[in-house]
Amino acid sequence: MTHGFLTKNPSVLIFLGLLALFTLTVTLLSNAYGVEVISTSMVKTLGKTLCLCLIALAMDLVWGYMGILSLGHFAFFGLGGYMIGMWLMVARTREIVLASATGLPMTPQELNDAIATQIFGVVGTSQMPAIWAFAGSLPAQLALVVLVPGLLALGFGWLAFRSRVTGVYLSILTQAMTLALALYLYQNDSGLRGNNGLSGLQNIPGLDWAGQDRLSVWFLWASALALGLGYLACAFTVSGKFGSVMRAIRDDEARVRFLGYPVEGYKLFVFTLTALIAAIAGALYYPQAGIINPAEIAPIASIYLAVWVAIGGRGRLWGAVIGAAFVSMVSTWFTGGRAPDLNLAIYTVKWVDWWQVLLGLSFVSVTLFAPKGLSGLVDLLAGLRPPQRRGAPLGPDDGALMEQEARQ
Amino acid sequence: MTELLEVSGISVSFDGFRAINNLSFSIGPAELRAVIGPNGAGKTTFMDIVTGKTRPDEGRVLWGERSIDLLKLDEAQIARQGVGRKFQRPTVFEDQTVAENLMMALKAHRSPWRVLVWKPKAADHARVEALAVQVGLGEALARKSGELSHGQKQWLEIGMLLAQEPRLLLVDEPAAGMTLAEREQTTALLVELAKTHAVVVVEHDMEFVRRLNCKVTVLHEGSVLAEGSLDHVTANQQVIEVYLGR
């Protein structure tokens, strides 16, 4: 089965090969396992970028292939991060408390109280909130990484799709969802430390001996593995009849209903599946970032996600990956203050301030002039230019592929 | 003979305008029926109601041997019951190949889980190919359906309709945009299908209806004005006034 699948989708093998090559190169250039060319913080940035590529894959699945412009997928990404962060904080704090304990061994009650005081001192309480009930157990929190975002997506999607909300109204609903979640988490009594968020997540309990040098490379491997598996899963989903139905729903969902396909069920399936992918990406991202707070799931984050996928080229998986990697890396460079100022005679362009303007302009130009985004460049090189049919949409629904976009 | 589809006393209004007014209609499991009527007579709305796109304000729509109430089902469920529809404007998935279009329409499980793990077997490929040949697209299997001519899209849609293996076919103006030869081919296909299926053809073109040589239902202002053979209804004074007389 896999054999036929890979021969029919040669781009999967190319992608996996390049990903492996990238991971190997970074490892060999890292501080821990190589010639110490790439700094540990750079390894972390690259690892985080791989996680962003993974959530971009999810976005491409739900938007590029299915036509649902979700502007709320970072809510699932953030929730995944929060769920793993809870275990990291509790386990880490337990280590600290035990290490600093003197005298008689503590009772379990005393230990728990000490942990709670340490974690929740910043929000003025020493009570462990009820939602931290499983935070002491790694398997339980790992299960919650997929369960909590998955159930949120399932519930939200069921309500939204059942009432046949589509197009821009659905996008607004998803924005409202992620905004509501962010505002809720900002409150101190939400039980997740309000705007302080969870911090110190880069210290993995029990792995102090390894040091950040090695940990950063391990997380890079884990992120690359997740991205590779995610790519395989997405490629499998969009190939074959399921992918056919997805693209059909994007172009003309009413017609798909008359073929007997339960359109709402498909939307719910894909929305929830991509929420799970986003959650796993988040759970790998935040231990590398070290801190998570409610600002991470502000509405703007999910809008950036749509921009990455649009710039990379929606409707093909590797386009989304290229977009996320390229834009987030360039963004790091511009906002990191390392880009040289542009000295015009009357005004000095500081990229830290002007980067967003540049990003906005690129988004608008890509939408207007190059709907296939960066991945269109690869087509140009390969001589795969589509025939110049002037663009009527291929279906009546919002987000239907334009004729110009449709590949020969 | 028991009826396959039984529509009784349905009415529907849009913003106070009565598109369908106390309409009753029934068709047997192997019958060809032409529905004619002037613009605005409610032909398309009638199809919308049967396929679940529009909900009537009152009336009943019963289906099959077990008299299933179609008004309780949504579009996809009705389609899975065996109601297939061909639209007036050809609606195929233009971004996908002819083979993909047909494969999607092929009768099979429709739920997401089943479709995700579904693999086309040799028999499915053979069926798709046979269907493509039947509608004259045997050479075009790998082409994007968006590249096809208008007439070919019509044929592809007919092919998709056949692939669904419905028990009732609702066909909206099949002859629109077809050449004379293609019309004759379409007529032959519809007459052949009606030996084993229920086929409802909505048509403007009297010449085409005459060639179908079947029972005719004349709609006017949302209800049935006359029913019978073409000669019978064209002799009806009311029909002449509202439709044929001009």
# chains A, B, ... in the order shown; residues from 1 in each chain; ligands from 1

call {"tool": "interface_residues", "arguments": {"of": "chain A", "to": "chain B", "cutoff": "6 Å", "atoms": "only C-alpha atoms", "output": "number ranges by chain"}}
result
A: 242, 257-258, 260-262, 266, 394

call {"tool": "residues_around", "arguments": {"residues": "Gly34 in chain A", "least_positions_apart": "5", "cutoff": "12 Å", "atoms": "only C-alpha atoms", "output": "number ranges by chain"}}
result
A: 24-29, 39-40, 213-214, 217

call {"tool": "write_last_selection", "arguments": {"atoms": "C-alpha atoms", "output": "CSV table (one decimal), in the first residue's frame"}}
result
chain,number,residue,atom,x,y,z
A,24,LEU,CA,21.7,15.9,9.8
A,25,THR,CA,23.4,19.1,8.7
A,26,VAL,CA,22.2,21.1,11.7
A,27,THR,CA,23.2,18.3,14.0
A,28,LEU,CA,26.7,18.1,12.5
A,29,LEU,CA,27.1,21.9,12.9
A,39,SER,CA,24.7,28.3,18.3
A,40,THR,CA,22.3,26.6,20.7
A,213,ASP,CA,23.2,22.2,24.0
A,214,ARG,CA,22.1,18.6,23.7
A,217,VAL,CA,19.3,19.1,19.3

call {"tool": "closest_residue", "arguments": {"among": "B:Ile49, B:Leu62, B:Ala99, B:Ala140", "to": "Arg127 in chain B", "atoms": "only C-alpha atoms"}}
result
B:Ala99
